[in-house]
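J.: Structure supplied as start01.cif; contents: mmCIF, C-alpha atoms.
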data_structure
#
loop_
_atom_site.label_atom_id
_atom_site.label_comp_id
_atom_site.auth_asym_id
_atom_site.auth_seq_id
_atom_site.Cartn_x
_atom_site.Cartn_y
_atom_site.Cartn_z
CA MET S 169 -92.88 62.11 -3.10
CA THR S 170 -90.42 59.73 -1.49
CA THR S 171 -91.12 56.18 -0.46
CA PRO S 172 -91.89 55.87 3.26
CA LYS S 173 -89.03 53.53 4.02
CA ALA S 174 -85.31 54.18 4.00
CA GLN S 175 -85.68 57.96 4.01
CA LYS S 176 -82.39 59.81 4.27
CA LYS S 177 -81.20 62.48 6.68
CA VAL S 178 -79.05 65.20 5.16
CA LEU S 179 -77.09 67.89 6.98
CA LEU S 180 -76.74 71.34 5.43
CA LEU S 181 -73.69 73.32 6.51
CA CYS S 182 -74.45 77.04 6.34
CA GLY S 183 -73.27 80.51 7.30
CA ASP S 184 -74.27 84.15 6.87
CA TYR S 185 -74.06 85.25 3.24
CA MET S 186 -73.88 81.81 1.78
CA GLU S 187 -75.12 82.01 -1.78
CA ASP S 188 -78.85 82.27 -2.05
CA TYR S 189 -78.63 80.48 -5.34
CA GLU S 190 -74.99 80.59 -5.99
CA THR S 191 -73.85 83.62 -7.84
CA TYR S 192 -72.26 87.01 -8.67
CA SER S 193 -73.07 89.98 -8.44
CA GLU S 194 -74.26 90.18 -4.89
CA SER S 195 -77.42 91.53 -3.35
CA ARG S 196 -79.14 90.58 -0.14
CA GLY S 197 -81.27 87.47 -0.34
CA HIS S 198 -83.87 85.75 1.86
CA ASN S 199 -83.34 85.20 5.56
CA PHE S 200 -82.95 81.51 6.32
CA THR S 201 -84.17 79.96 9.58
CA LEU S 202 -82.17 77.16 11.21
CA ASN S 203 -83.93 74.03 12.43
CA ALA S 204 -81.20 72.48 14.58
CA THR S 205 -78.37 73.48 16.89
CA PHE S 206 -74.78 72.97 15.78
CA ASP S 207 -73.51 71.77 19.17
CA GLU S 208 -76.13 69.04 19.27
CA ILE S 209 -75.41 67.54 15.85
CA GLU S 210 -74.35 63.88 15.72
CA ALA S 211 -72.85 63.23 12.31
CA SER S 212 -73.44 59.50 12.68
CA LYS S 213 -77.20 60.10 12.43
CA TYR S 214 -76.94 61.71 9.00
CA ASP S 215 -76.58 60.05 5.61
CA GLY S 216 -75.09 62.95 3.71
CA LEU S 217 -73.77 66.51 3.89
CA VAL S 218 -74.45 69.54 1.69
CA ILE S 219 -72.27 72.64 1.62
CA PRO S 220 -73.71 75.75 -0.09
CA GLY S 221 -71.49 78.41 -1.65
CA GLY S 222 -71.45 82.18 -1.29
CA ARG S 223 -69.13 84.11 1.01
CA ALA S 224 -69.84 82.02 4.12
CA PRO S 225 -67.27 79.31 3.22
CA GLU S 226 -64.44 81.85 3.46
CA TYR S 227 -64.76 82.06 7.24
CA LEU S 228 -66.26 78.61 7.85
CA ALA S 229 -63.07 77.16 6.34
CA MET S 230 -61.17 78.74 9.24
CA ASN S 231 -63.28 77.07 11.93
CA GLU S 232 -61.89 73.85 13.36
CA SER S 233 -65.29 72.63 14.55
CA VAL S 234 -66.61 72.92 11.01
CA LEU S 235 -63.63 71.04 9.56
CA LYS S 236 -64.02 68.25 12.12
CA LEU S 237 -67.66 67.91 11.18
CA VAL S 238 -66.83 67.69 7.48
CA ASN S 239 -64.26 64.97 8.16
CA LYS S 240 -66.89 62.94 10.01
CA PHE S 241 -68.65 62.67 6.65
CA SER S 242 -65.64 62.44 4.33
CA ASN S 243 -63.62 59.88 6.27
CA PRO S 244 -66.36 57.19 6.28
CA GLY S 245 -67.20 57.98 2.65
CA LYS S 246 -70.68 59.42 3.20
CA PRO S 247 -72.13 61.42 0.29
CA ILE S 248 -71.04 65.06 0.25
CA ALA S 249 -72.35 67.71 -2.15
CA SER S 250 -70.57 71.05 -2.29
CA ILE S 251 -71.13 73.92 -4.69
CA CYS S 252 -69.48 77.14 -5.80
CA HIS S 253 -67.23 78.44 -2.97
CA GLY S 254 -68.24 75.60 -0.64
CA GLN S 255 -65.17 73.72 -1.88
CA LEU S 256 -63.02 76.10 0.21
CA ILE S 257 -64.25 74.18 3.25
CA LEU S 258 -63.46 70.83 1.62
CA ALA S 259 -59.96 72.09 0.77
CA ALA S 260 -59.35 73.24 4.35
CA ALA S 261 -60.57 69.89 5.65
CA GLY S 262 -58.25 67.98 3.31
CA ALA S 263 -61.28 66.31 1.75
CA ILE S 264 -60.40 66.93 -1.91
CA LYS S 265 -56.80 65.74 -1.95
CA GLY S 266 -56.44 63.32 -4.87
CA ARG S 267 -60.11 63.81 -5.79
CA LYS S 268 -61.67 65.16 -8.96
CA CYS S 269 -63.65 68.32 -8.34
CA THR S 270 -64.91 71.51 -9.89
CA ALA S 271 -66.03 74.78 -8.31
CA TYR S 272 -66.47 78.44 -9.11
CA PRO S 273 -63.53 79.16 -11.50
CA SER S 274 -61.70 81.48 -9.09
CA LEU S 275 -61.23 78.59 -6.65
CA LYS S 276 -58.92 76.68 -9.00
CA PRO S 277 -55.63 77.82 -7.35
CA VAL S 278 -56.87 76.79 -3.89
CA ALA S 279 -58.23 73.45 -5.08
CA VAL S 280 -55.00 72.59 -6.90
CA ALA S 281 -52.90 73.63 -3.90
CA ALA S 282 -55.08 71.34 -1.75
CA GLY S 283 -54.12 68.42 -4.00
CA ALA S 284 -57.35 68.17 -5.98
CA HIS S 285 -57.53 66.99 -9.59
CA TRP S 286 -59.14 70.15 -10.95
CA ILE S 287 -61.90 69.68 -13.52
CA GLU S 288 -62.44 72.86 -15.52
CA ALA S 289 -66.07 73.95 -15.55
CA GLU S 290 -67.05 74.12 -19.21
CA THR S 291 -70.16 76.08 -18.22
CA MET S 292 -71.45 77.54 -14.97
CA ALA S 293 -73.82 74.55 -14.83
CA SER S 294 -70.98 72.00 -14.75
CA CYS S 295 -70.86 69.34 -12.02
CA THR S 296 -68.36 66.58 -11.26
CA VAL S 297 -68.61 63.29 -9.37
CA ASP S 298 -65.77 61.36 -7.77
CA GLY S 299 -67.01 58.51 -5.59
CA ASN S 300 -69.00 59.98 -2.69
CA LEU S 301 -68.13 63.56 -3.67
CA VAL S 302 -70.39 65.72 -5.83
CA THR S 303 -69.18 69.22 -6.71
CA GLY S 304 -70.76 71.98 -8.78
CA ALA S 305 -69.66 75.33 -10.19
CA THR S 306 -72.72 77.51 -9.50
CA TYR S 307 -76.47 77.45 -8.94
CA ASP S 308 -77.00 77.15 -12.69
CA GLY S 309 -76.08 73.50 -12.22
CA HIS S 310 -78.57 72.79 -9.43
CA PRO S 311 -80.66 70.29 -11.43
CA GLU S 312 -77.66 68.05 -12.22
CA TYR S 313 -76.08 68.70 -8.82
CA ILE S 314 -79.18 67.50 -6.98
CA ARG S 315 -79.73 64.58 -9.35
CA LEU S 316 -76.18 63.38 -8.70
CA PHE S 317 -76.56 63.78 -4.95
CA ILE S 318 -79.78 61.76 -4.94
CA LYS S 319 -77.91 59.02 -6.80
CA ALA S 320 -75.02 59.20 -4.31
CA LEU S 321 -77.54 58.70 -1.51
CA GLY S 322 -78.71 55.55 -3.26
CA GLY S 323 -81.91 57.06 -4.60
CA THR S 324 -83.74 56.44 -7.86
CA VAL S 325 -86.41 58.54 -9.54
CA THR S 326 -89.37 57.04 -11.38
CA GLY S 327 -92.30 58.50 -13.28
CA CYS S 328 -90.30 61.48 -14.50
CA ASN S 329 -91.23 61.28 -18.20
CA LYS S 330 -93.36 64.40 -17.96
CA ARG S 331 -93.43 67.76 -19.70
CA ILE S 332 -94.17 70.70 -17.43
CA LEU S 333 -94.94 74.31 -18.28
CA PHE S 334 -94.10 77.28 -16.05
CA LEU S 335 -96.16 80.42 -16.57
CA CYS S 336 -94.05 83.53 -16.10
CA GLY S 337 -94.70 87.26 -16.34
CA VAL S 338 -92.80 90.41 -17.03
CA PHE S 339 -93.48 91.67 -13.55
CA GLY S 340 -93.13 88.84 -11.05
CA ASN S 341 -91.03 87.86 -8.04
CA LYS S 342 -87.50 86.65 -8.38
CA TYR S 343 -87.14 83.12 -7.32
CA GLN S 344 -87.12 83.40 -3.62
CA ASP S 345 -84.01 82.69 -1.81
CA SER S 346 -85.71 80.30 0.48
CA GLU S 347 -87.82 78.86 -2.20
CA VAL S 348 -84.87 77.77 -4.08
CA GLU S 349 -82.93 77.57 -0.96
CA ASP S 350 -80.30 75.46 -2.43
CA GLY S 351 -82.83 73.01 -1.18
CA ILE S 352 -81.16 70.05 0.24
CA LEU S 353 -83.89 67.52 0.06
CA VAL S 354 -85.34 68.37 3.38
CA ALA S 355 -89.00 67.85 2.72
CA VAL S 356 -88.35 65.05 0.40
CA VAL S 357 -85.62 63.30 2.21
CA ASN S 358 -87.57 63.97 5.35
CA ARG S 359 -86.07 65.41 8.49
CA ALA S 360 -82.96 66.61 6.70
CA THR S 361 -81.43 69.24 8.93
CA LEU S 362 -80.13 72.65 7.96
CA ILE S 363 -77.29 73.97 10.03
CA PHE S 364 -75.99 77.50 9.59
CA PHE S 365 -72.92 79.06 11.13
CA GLU S 366 -72.71 82.67 12.11
CA GLU S 367 -69.32 84.32 11.80
CA SER S 368 -69.45 85.79 15.29
CA LYS S 369 -70.75 82.65 16.96
CA LEU S 370 -70.56 79.11 15.65
CA LEU S 371 -73.14 77.83 18.06
CA ALA S 372 -76.31 78.80 16.26
CA GLY S 373 -79.53 77.43 17.62
CA ALA S 374 -82.64 76.14 15.92
CA ASN S 375 -84.95 78.89 14.65
CA GLU S 376 -82.19 81.52 14.58
CA LYS S 377 -82.13 83.43 11.34
CA PHE S 378 -79.15 83.84 9.05
CA VAL S 379 -78.60 86.35 6.32
CA VAL S 380 -77.97 84.92 2.86
CA GLY S 381 -76.70 86.46 -0.32
CA LEU S 382 -78.63 85.51 -3.45
CA GLY S 383 -77.59 81.93 -4.03
CA VAL S 384 -78.87 79.89 -1.09
CA GLY S 385 -81.35 78.57 -3.54
CA SER S 386 -79.59 75.29 -4.08
CA MET S 387 -80.41 74.23 -0.56
CA LEU S 388 -84.15 74.69 -0.73
CA LEU S 389 -83.99 73.12 -4.09
CA MET S 390 -82.66 69.75 -3.04
CA TRP S 391 -84.81 70.04 -0.07
CA SER S 392 -87.95 70.55 -2.01
CA ILE S 393 -87.19 67.76 -4.37
CA LEU S 394 -86.12 64.73 -2.81
CA GLY S 395 -89.15 64.13 -2.20
CA GLY S 396 -90.23 65.17 -14.57
CA GLY S 397 -91.58 67.67 -18.20
CA ARG S 398 -93.68 70.34 -16.71
CA GLY S 399 -94.39 73.87 -17.81
CA ILE S 400 -93.97 77.08 -15.90
CA LEU S 401 -95.83 80.29 -16.72
CA LEU S 402 -93.73 83.29 -15.73
CA GLY S 403 -93.62 87.09 -15.69
CA ASP S 404 -91.31 89.89 -14.59
CA TYR S 405 -91.04 90.18 -10.84
CA MET S 406 -92.38 86.78 -10.08
CA GLU S 407 -90.95 85.53 -6.79
CA ASP S 408 -87.35 84.48 -7.14
CA TYR S 409 -87.68 81.30 -5.11
CA GLU S 410 -91.17 80.50 -6.27
CA VAL S 411 -90.02 80.15 -9.84
CA ALA S 412 -86.46 78.90 -9.46
CA VAL S 413 -86.94 76.28 -6.79
CA PRO S 414 -89.81 74.36 -8.43
CA PHE S 415 -88.24 74.79 -11.87
CA GLN S 416 -84.84 73.36 -10.93
CA SER S 417 -86.35 70.76 -8.61
CA LEU S 418 -88.47 69.32 -11.43
CA GLN S 419 -85.46 69.38 -13.76
CA ALA S 420 -83.42 67.53 -11.14
CA LEU S 421 -86.14 64.90 -11.04
CA GLY S 422 -85.70 64.35 -14.76
CA CYS S 423 -88.77 66.21 -16.03
CA ASN S 424 -88.71 68.27 -19.20
CA VAL S 425 -89.54 71.76 -17.99
CA ASP S 426 -90.28 74.87 -20.04
CA ALA S 427 -90.80 78.45 -18.86
CA VAL S 428 -92.79 80.92 -20.95
CA CYS S 429 -93.95 84.52 -20.66
CA PRO S 430 -96.38 86.56 -22.77
CA ASN S 431 -94.63 88.84 -25.28
CA LYS S 432 -91.27 87.18 -24.66
CA ARG S 433 -89.36 84.44 -26.40
CA ALA S 434 -86.97 81.62 -25.47
CA GLY S 435 -83.70 83.12 -24.26
CA ASP S 436 -85.29 86.34 -22.98
CA LYS S 437 -85.00 87.09 -19.29
CA CYS S 438 -87.61 87.90 -16.66
CA ALA S 439 -86.70 89.96 -13.62
CA THR S 440 -87.61 88.41 -10.28
CA ALA S 441 -88.10 89.72 -6.75
CA VAL S 442 -87.10 88.34 -3.37
CA HIS S 443 -90.08 88.48 -1.02
CA ASP S 444 -89.24 87.87 2.61
CA PHE S 445 -90.99 87.98 5.96
CA GLU S 446 -89.05 90.30 8.26
CA GLY S 447 -91.54 91.30 10.93
CA ASP S 448 -93.44 93.94 8.99
CA GLN S 449 -97.17 93.91 8.23
CA THR S 450 -96.43 92.42 4.85
CA TYR S 451 -93.45 90.94 3.01
CA SER S 452 -90.42 93.01 2.04
CA GLU S 453 -89.21 93.07 -1.57
CA LYS S 454 -85.69 93.10 -2.97
CA PRO S 455 -84.27 92.47 -6.47
CA GLY S 456 -83.80 88.77 -7.27
CA HIS S 457 -82.01 86.77 -9.98
CA ASP S 458 -82.82 87.17 -13.65
CA PHE S 459 -84.66 84.10 -14.92
CA THR S 460 -84.11 82.87 -18.49
CA LEU S 461 -87.12 81.64 -20.46
CA THR S 462 -86.80 78.34 -22.31
CA ALA S 463 -89.68 78.46 -24.81
CA ASN S 464 -91.82 80.88 -26.83
CA PHE S 465 -95.25 81.81 -25.49
CA GLU S 466 -96.68 82.53 -28.93
CA GLY S 467 -97.81 79.38 -30.69
CA LEU S 468 -97.53 77.29 -27.51
CA ASP S 469 -99.28 73.91 -27.76
CA THR S 470 -100.64 73.15 -24.27
CA SER S 471 -101.63 69.64 -25.33
CA SER S 472 -97.94 68.70 -25.42
CA TYR S 473 -97.54 69.39 -21.69
CA ASP S 474 -98.56 67.20 -18.78
CA ALA S 475 -98.79 69.88 -16.09
CA LEU S 476 -98.64 73.59 -15.29
CA VAL S 477 -96.88 75.57 -12.54
CA ILE S 478 -97.77 79.17 -11.68
CA PRO S 479 -95.22 81.00 -9.48
CA GLY S 480 -96.18 83.89 -7.22
CA GLY S 481 -94.75 87.36 -6.84
CA ARG S 482 -96.09 90.50 -8.45
CA ALA S 483 -96.32 89.06 -11.97
CA PRO S 484 -99.76 87.42 -11.44
CA GLU S 485 -101.39 90.85 -10.99
CA TYR S 486 -100.92 91.71 -14.65
CA LEU S 487 -100.84 88.18 -16.07
CA ALA S 488 -104.40 87.84 -14.75
CA LEU S 489 -105.40 90.57 -17.22
CA ASP S 490 -103.99 88.76 -20.25
CA GLU S 491 -106.67 86.81 -22.12
CA THR S 492 -104.12 84.45 -23.70
CA VAL S 493 -102.89 83.53 -20.21
CA ILE S 494 -106.45 82.95 -19.00
CA LYS S 495 -107.14 80.72 -22.00
CA LEU S 496 -103.97 78.70 -21.34
CA VAL S 497 -104.84 78.13 -17.66
CA LYS S 498 -108.39 77.06 -18.53
CA GLU S 499 -107.06 74.48 -21.01
CA PHE S 500 -104.99 72.79 -18.29
CA MET S 501 -107.74 72.89 -15.68
CA GLU S 502 -110.51 71.72 -18.01
CA ALA S 503 -108.32 68.83 -19.15
CA GLY S 504 -107.83 67.79 -15.52
CA LYS S 505 -104.05 68.05 -15.80
CA PRO S 506 -102.00 68.71 -12.64
CA VAL S 507 -101.71 72.43 -11.85
CA ALA S 508 -99.59 73.84 -9.02
CA SER S 509 -99.96 77.49 -8.03
CA ILE S 510 -98.35 79.34 -5.15
CA CYS S 511 -98.62 82.64 -3.30
CA HIS S 512 -100.16 85.30 -5.62
CA GLY S 513 -100.38 82.83 -8.51
CA GLN S 514 -103.95 82.12 -7.42
CA GLN S 515 -104.90 85.60 -8.69
CA ILE S 516 -104.60 84.09 -12.17
CA LEU S 517 -106.68 81.04 -11.25
CA SER S 518 -109.32 83.35 -9.80
CA ALA S 519 -109.42 85.50 -12.93
CA ALA S 520 -109.73 82.35 -15.05
CA GLY S 521 -112.81 81.28 -13.09
CA VAL S 522 -111.39 77.82 -12.34
CA LEU S 523 -111.58 77.97 -8.53
CA LYS S 524 -115.33 77.62 -8.21
CA GLY S 525 -116.02 74.65 -5.95
CA LYS S 526 -112.30 74.13 -5.35
CA LYS S 527 -110.60 74.15 -1.95
CA CYS S 528 -107.39 76.15 -2.00
CA THR S 529 -105.04 78.41 -0.10
CA ALA S 530 -102.82 81.30 -1.19
CA TYR S 531 -100.93 84.23 0.28
CA PRO S 532 -103.40 85.65 2.88
CA ALA S 533 -103.88 88.89 0.94
CA VAL S 534 -105.26 86.87 -1.99
CA LYS S 535 -108.14 85.45 0.09
CA LEU S 536 -110.58 87.99 -1.37
CA ASN S 537 -109.78 86.86 -4.94
CA VAL S 538 -110.33 83.23 -4.00
CA VAL S 539 -113.62 83.80 -2.17
CA LEU S 540 -115.09 86.12 -4.82
CA SER S 541 -114.32 83.58 -7.54
CA GLY S 542 -116.25 80.85 -5.72
CA GLY S 543 -113.34 78.99 -4.18
CA THR S 544 -113.38 77.52 -0.65
CA TRP S 545 -110.69 79.31 1.32
CA LEU S 546 -108.28 77.21 3.43
CA GLU S 547 -106.25 79.19 5.96
CA PRO S 548 -102.50 78.87 5.44
CA GLU S 549 -101.65 78.30 9.09
CA PRO S 550 -98.74 77.98 9.28
CA ILE S 551 -97.61 79.86 6.17
CA ASP S 552 -95.84 76.78 4.77
CA ARG S 553 -99.05 74.77 4.58
CA CYS S 554 -100.17 73.45 1.17
CA PHE S 555 -103.29 71.67 -0.06
CA THR S 556 -104.36 69.37 -2.90
CA ASP S 557 -107.90 69.29 -4.27
CA GLY S 558 -108.24 67.00 -7.25
CA ASN S 559 -105.76 68.12 -9.90
CA LEU S 560 -104.92 71.37 -8.08
CA VAL S 561 -102.07 71.98 -5.62
CA THR S 562 -101.92 75.37 -3.90
CA GLY S 563 -99.46 76.92 -1.48
CA ALA S 564 -99.27 80.22 0.41
CA ALA S 565 -95.61 81.17 0.00
CA TRP S 566 -92.14 79.83 -0.69
CA PRO S 567 -91.56 78.52 2.87
CA GLY S 568 -94.00 75.77 1.82
CA HIS S 569 -91.94 74.64 -1.18
CA PRO S 570 -91.02 71.24 0.23
CA GLU S 571 -94.67 70.29 0.72
CA PHE S 572 -95.77 72.13 -2.44
CA ILE S 573 -93.35 70.16 -4.61
CA SER S 574 -94.00 66.89 -2.78
CA GLN S 575 -97.77 67.14 -3.35
CA PHE S 576 -97.23 68.10 -6.99
CA MET S 577 -94.95 65.08 -7.42
CA SER S 578 -97.75 62.87 -6.14
CA LEU S 579 -100.13 64.16 -8.81
CA LEU S 580 -97.46 63.68 -11.46
CA GLY S 581 -96.67 60.16 -10.32
CA VAL S 582 -93.01 61.04 -9.75
CA ARG S 583 -91.31 59.13 -6.94
CA VAL S 584 -87.90 59.12 -5.31
CA SER S 585 -87.02 55.85 -3.59
CA PHE S 586 -83.97 54.70 -1.64
#
Would you mind writing the file out in structure tokens?

T.:
Amino acid sequence: MTTPKAQKKVLLLCGDYMEDYETYSESRGHNFTLNATFDEIEASKYDGLVIPGGRAPEYLAMNESVLKLVNKFSNPGKPIASICHGQLILAAAGAIKGRKCTAYPSLKPVAVAAGAHWIEAETMASCTVDGNLVTGATYDGHPEYIRLFIKALGGTVTGCNKRILFLCGVFGNKYQDSEVEDGILVAVVNRATLIFFEESKLLAGANEKFVVGLGVGSMLLMWSILGGGRGILLGDYMEDYEVAVPFQSLQALGCNVDAVCPNKRAGDKCATAVHDFEGDQTYSEKPGHDFTLTANFEGLDTSSYDALVIPGGRAPEYLALDETVIKLVKEFMEAGKPVASICHGQQILSAAGVLKGKKCTAYPAVKLNVVLSGGTWLEPEPIDRCFTDGNLVTGAAWPGHPEFISQFMSLLGVRVSF
């Protein structure tokens, strides 16, 4: 959570097909809903600017209104964070001349031509800082990218000396576009505004939806954070956002985070799925990013971790049938350690018999599991609503990531102050 005073306002500059996370190949990602209107934005009321990557920057860099907005941040030296192809906009605005910066490797010729001091990205997680400017190569670098931006905003993180475990599965959802949402500290920074530009019309209004390519994740990420080691239990086809956003957010906060999956080892990958809400009776599903595990499930010592995170998606359906998973979850709950579970993750909590007498929410379709296991059902209205009951934080779906992560931070004793 963030301290109540001196909260920052951050503006997110977006466009259709910006990177959901930040990365190649390309498949359709989550739809992202705007919360402000471009024409009504007053740059003077914001403390920083974030520019996601993807294909959107190619056409945004040709829009004079966009370039003028960027200069209103760069000229007075306000913090600017740009990732992947977002640096095309900075180049067009003349904001990287004489400045050190990195970006997706293919942008080198443009950056150099714009007068930048190009810093070669040693890995796709590389980030560079030059004064008020923070630049990153791809979404792999989100943790460092967000950490540097928080610092540029004058923020400090305390209480991050934690180890967190993420429980993954071989059939779960890919980190959701919106859940990772290249999170620009909205929930945490409080009132940070996301602005997206549509190629056909720059004047997008609040609540209009924009299409994103997988890679927008970095936005939701910062967003969710601003607000250290934990563990994440994963599985194939877990929700893309629901695993990636919390995972990278906690890393950005300085926590030591591990992700494990039954029958898989460190370095193995789990497939994820992008679950989105597009007007149908239930969520749609599309392929998400591959998620790399960081630790072995076999021989795991739960006593060495301070907290547990259980992402949603389809993975929980089969993870709930694994006795070793059930045993692991019980060890965290019985020890009273912080546990955060979202969406369908509560299917595992239900199977473990740890919801009896607990108040919790989940994706609406999981209500039956919660009620039958003795839990007190809390309606997720709206869908981004989250709840804390003792050591347990539950959320209904990735749109609630900002609150989900903020409440989890409170249990962990992690704070961001400015």

J.: Could you spell out the hits of the PyMOL selection byres ((chain S and resi 510-519) around 9) on the shown file, as a ChimeraX atom specification?

T.: /S:407,410,477-489,493-494,497-498,508-509,520-524,528-534,537-543,554,561-566,568-569,572

J.: Counting all atoms listed in the file, figure out which residue out of S:Ile257, S:Val297, S:Ala263, S:Ile209 gets nearest to Ser242 (chain S).

T.: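 Of the candidates, the smallest distance to Ser242 (chain S) is held by S:Ala263.
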
J.: Going by the chain IDs and residue numbers used in this file, which residues fall under the PyMOL selection byres ((chain S and resi 214) around 7)? Write them as a ChimeraX atom specification.

T.: /S:177-179,211-213,215-216

J.: For region 488-584 of chain S versus region 421-427 of chain S, which residues have an atom no more than 12 Å away, and what is each residue's nearest atom pair and distance in Å rounded to one decimal, using all atoms listed in the file, chain-then-number order, as a Markdown table?

T.:
| residue | atom | partner | partner_atom | distance |
| --- | --- | --- | --- | --- |
| S:Ile573 | CA | S:Leu421 | CA | 11.0 |
| S:Ser574 | CA | S:Leu421 | CA | 11.6 |
| S:Met577 | CA | S:Leu421 | CA | 9.5 |
| S:Leu580 | CA | S:Cys423 | CA | 10.1 |
| S:Gly581 | CA | S:Cys423 | CA | 11.5 |
| S:Val582 | CA | S:Leu421 | CA | 8.0 |
| S:Arg583 | CA | S:Leu421 | CA | 8.8 |
| S:Val584 | CA | S:Leu421 | CA | 8.3 |

J.: For the atom pair CA of Lys276 (chain S) and CA of Asn300 (chain S), what is the interatomic distance in Å to one decimal place?

T.: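 So the two atoms, CA of Lys276 (chain S) and CA of Asn300 (chain S), lie 20.5 Å apart.
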
J.: Between S:Gly323, S:Gly222, S:Pro567, S:Pro244, which residue has the minimum interatomic distance to Thr306 (chain S), considering all atoms listed in the file?

T.: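 Once distances to Thr306 (chain S) are computed over all atoms listed in the file, the minimum belongs to S:Gly222.
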
J.: Please evaluate the PyMOL selection byres ((chain S and resi 311-321) around 6) against the structure above and give the resulting residues as number ranges by chain.

T.: S: 247, 309-310, 322-323, 390, 416, 419-420

J.: S:Ser578, S:Leu237, S:Ala434, S:Ala439: which is nearest Asp207 (chain S), counting all atoms listed in the file?

T.: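 Once distances to Asp207 (chain S) are computed over all atoms listed in the file, the minimum belongs to S:Leu237.
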
J.: With distances taken over all atoms listed in the file, which residue among S:Thr544, S:Thr440, S:Ser471, S:Thr324 lies nearest Gly456 (chain S)?

T.: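 Going through S:Thr544, S:Thr440, S:Ser471, S:Thr324 one by one, the smallest distance to Gly456 (chain S) is for S:Thr440.
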
J.: Give the answer as one residue: which of S:Gly299, S:Gly221, S:Pro414, S:Gly337 has the shortest atom-to-atom distance to Lys437 (chain S), using all atoms listed in the file?

T.: S:Gly337

J.: Can you measure CA of Ser417 (chain S) to CA of Phe200 (chain S) for me? One decimal in Å is fine.

T.: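 Answer for the CA of Ser417 (chain S) to CA of Phe200 (chain S) separation: 18.7 Å.
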
J.: As an exercise, work out the distance from CA of Ala284 (chain S) to CA of Gly245 (chain S) in Å and give it to one decimal place.

T.: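 These atoms are spaced 16.6 Å apart.
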